Amino acid sequence: MASSDAWNESAAAWIAHIGEDGDYGRKFVLDAPMLARIRDRGFKTALDVGCGEGRFCRMMQSAGIATVGIDPTQALMSRARELDPKGDYRLQRAESMDVAAGAFDLVVSYLSLIDIDDLARAMAKMIAALRPGGTLLIANLTSFNTASIPDGWTKEPDGTRRFFIDNYLEERAAWVSWRGIRILNRHRPLSTYMTLLLDAGLQLRRFSEPAPTGGDPRKQEQYRRVPYFLIMEWQKPAA
Ligand SMILES: C[S@@+](CC[C@H](N)C(=O)[O-])C[C@H]1O[C@@H](n2cnc3c(N)ncnc32)[C@H](O)[C@@H]1O
């Protein structure tokens, strides 16, 4: 099954999973540091690449930023428009998106790089959309985490839970399933992302691996034991 069909088939389960507040990783790990990176920075326009059902677009709008969200999944775009009828949501893939060049103060990818098939083309489009001096803000699964695909958490014979990482340097895509969602996730070593961005002339301004800040204590333990997420902020050089 193509990755786009899988997203359309998973959309209803995804919308239920995300709910109004986001899933555990968004609500208790990523949202606060992501919002801290966009508030009071003078950003007026933002492009959210792989915006899904539009939650982070709505959050950016609450921070006074005008947003454009792009995503190739029809069912998620419909939901985004239903929740935000005045919002600007466009059914497009990152690799071929048609948005005004140099128009955005901020380009965001919130957990969407792992979904994108042709990373180099998508990254080139994202960078082209930024104005000179603009900011590219990325939240992604860490490459240590995606190197666990397909095994992830496993149980040893004595019942101890371990997180299984292997074949780190091998780029690959694998199906992952949970709560009625079945999608293709891509593993790439961290150097793939860093090299693309450095070679494009972007400058790394911030890097963090945010810790969980609340919620179910078992989840907190899980998110502390294993590297789940990273946040990177890159700047396009001023012209
Ligand atoms: C894990 S979801 C994240 C959605 C949203 N950013 C969020 O945090 O809730 C990944 C999203 O990437 C989208 N996607 C898949 N392939 C894509 C592509 N080639 N270009 C842009 N987005 C893509 C999917 O439709 C999905 O909405």
# chains A, B, ... in the order shown; residues from 1 in each chain; ligands from 1
call {"tool": "residues_near_ligand", "arguments": {"ligand": "ligand 1", "cutoff": "8 Å", "atoms": "only C-alpha atoms and all ligand atoms", "output": "VMD selection string"}}
result
chain A and resid 3 to 4 7 to 8 18 22 26 48 to 56 70 to 73 76 92 to 95 109 to 118 122
call {"tool": "residues_around", "arguments": {"residues": "Gly133 of chain A", "least_positions_apart": "6", "cutoff": "7 Å", "atoms": "only C-alpha atoms", "output": "list of chain:residue names"}}
result
A:Gln235, A:Lys236, A:Pro237, A:Ala238
call {"tool": "closest_atom_pairs", "arguments": {"of": "segment 88-155 of chain A", "to": "segment 166-180 of chain A", "cutoff": "10 Å", "atoms": "only C-alpha atoms", "output": "CSV"}}
result
residue,atom,partner,partner_atom,distance
A:Ile114,CA,A:Ala173,CA,9.0
A:Asp115,CA,A:Ala173,CA,9.2
A:Asp117,CA,A:Ala173,CA,8.9
A:Ser143,CA,A:Tyr168,CA,7.8
A:Phe144,CA,A:Tyr168,CA,7.3
A:Asn145,CA,A:Tyr168,CA,9.7
A:Thr146,CA,A:Tyr168,CA,8.6
A:Ala147,CA,A:Tyr168,CA,5.3
A:Ser148,CA,A:Asp166,CA,6.3
A:Ile149,CA,A:Ala174,CA,6.7
A:Pro150,CA,A:Ala174,CA,6.6
A:Asp151,CA,A:Asp166,CA,9.1
A:Gly152,CA,A:Asp166,CA,9.7
call {"tool": "closest_residue", "arguments": {"among": "A:Pro212, A:Pro33, A:Gly201, A:Gly19", "to": "Ile231 of chain A", "atoms": "only C-alpha atoms"}}
result
A:Pro33
call {"tool": "select_by_dssp", "arguments": {"residues": "segment 66-144 of chain A", "states": "alpha helix (DSSP H)", "output": "list in words"}}
result
Gln74, Ala75, Leu76, Met77, Ser78, Arg79, Ala80, Arg81, Glu82, Leu83, Leu119, Ala120, Arg121, Ala122, Met123, Ala124, Lys125, Met126, Ile127, Ala128, Ala129, Ser143 and Phe144 of chain A
call {"tool": "residues_around", "arguments": {"residues": "Arg58 of chain A", "least_positions_apart": "5", "cutoff": "9 Å", "atoms": "only C-alpha atoms", "output": "PyMOL selection string"}}
result
chain A and resi 63+67+83-84+87
call {"tool": "write_last_selection", "arguments": {"atoms": "C-alpha atoms", "output": "compact mmCIF listing (two decimals), in the first residue's frame"}}
result
# COMPACT_ATOMS: atom_id res chain seq x y z
CA ALA A 63 0.40 33.30 18.99
CA THR A 67 -0.26 30.27 8.82
CA LEU A 83 -11.76 22.96 12.84
CA ASP A 84 -10.45 26.22 11.36
CA GLY A 87 -7.44 28.83 7.90
call {"tool": "closest_residue", "arguments": {"among": "A:Ala75, A:Cys57, A:Met123, A:Leu47", "to": "Val99 of chain A", "atoms": "only C-alpha atoms"}}
result
A:Leu47
call {"tool": "select_by_dssp", "arguments": {"residues": "segment 66-123 of chain A", "states": "strand (DSSP E)", "output": "list in words"}}
result
Ala66, Thr67, Val68, Gly69, Ile70, Asp71, Asp88, Tyr89, Arg90, Leu91, Phe104, Asp105, Leu106, Val107, Val108, Ser109 and Tyr110 of chain A
call {"tool": "atom_distance", "arguments": {"atom1": "atom CA of Ile38 of chain A", "atom2": "atom CA of Leu190 of chain A"}}
result
23.7 Å
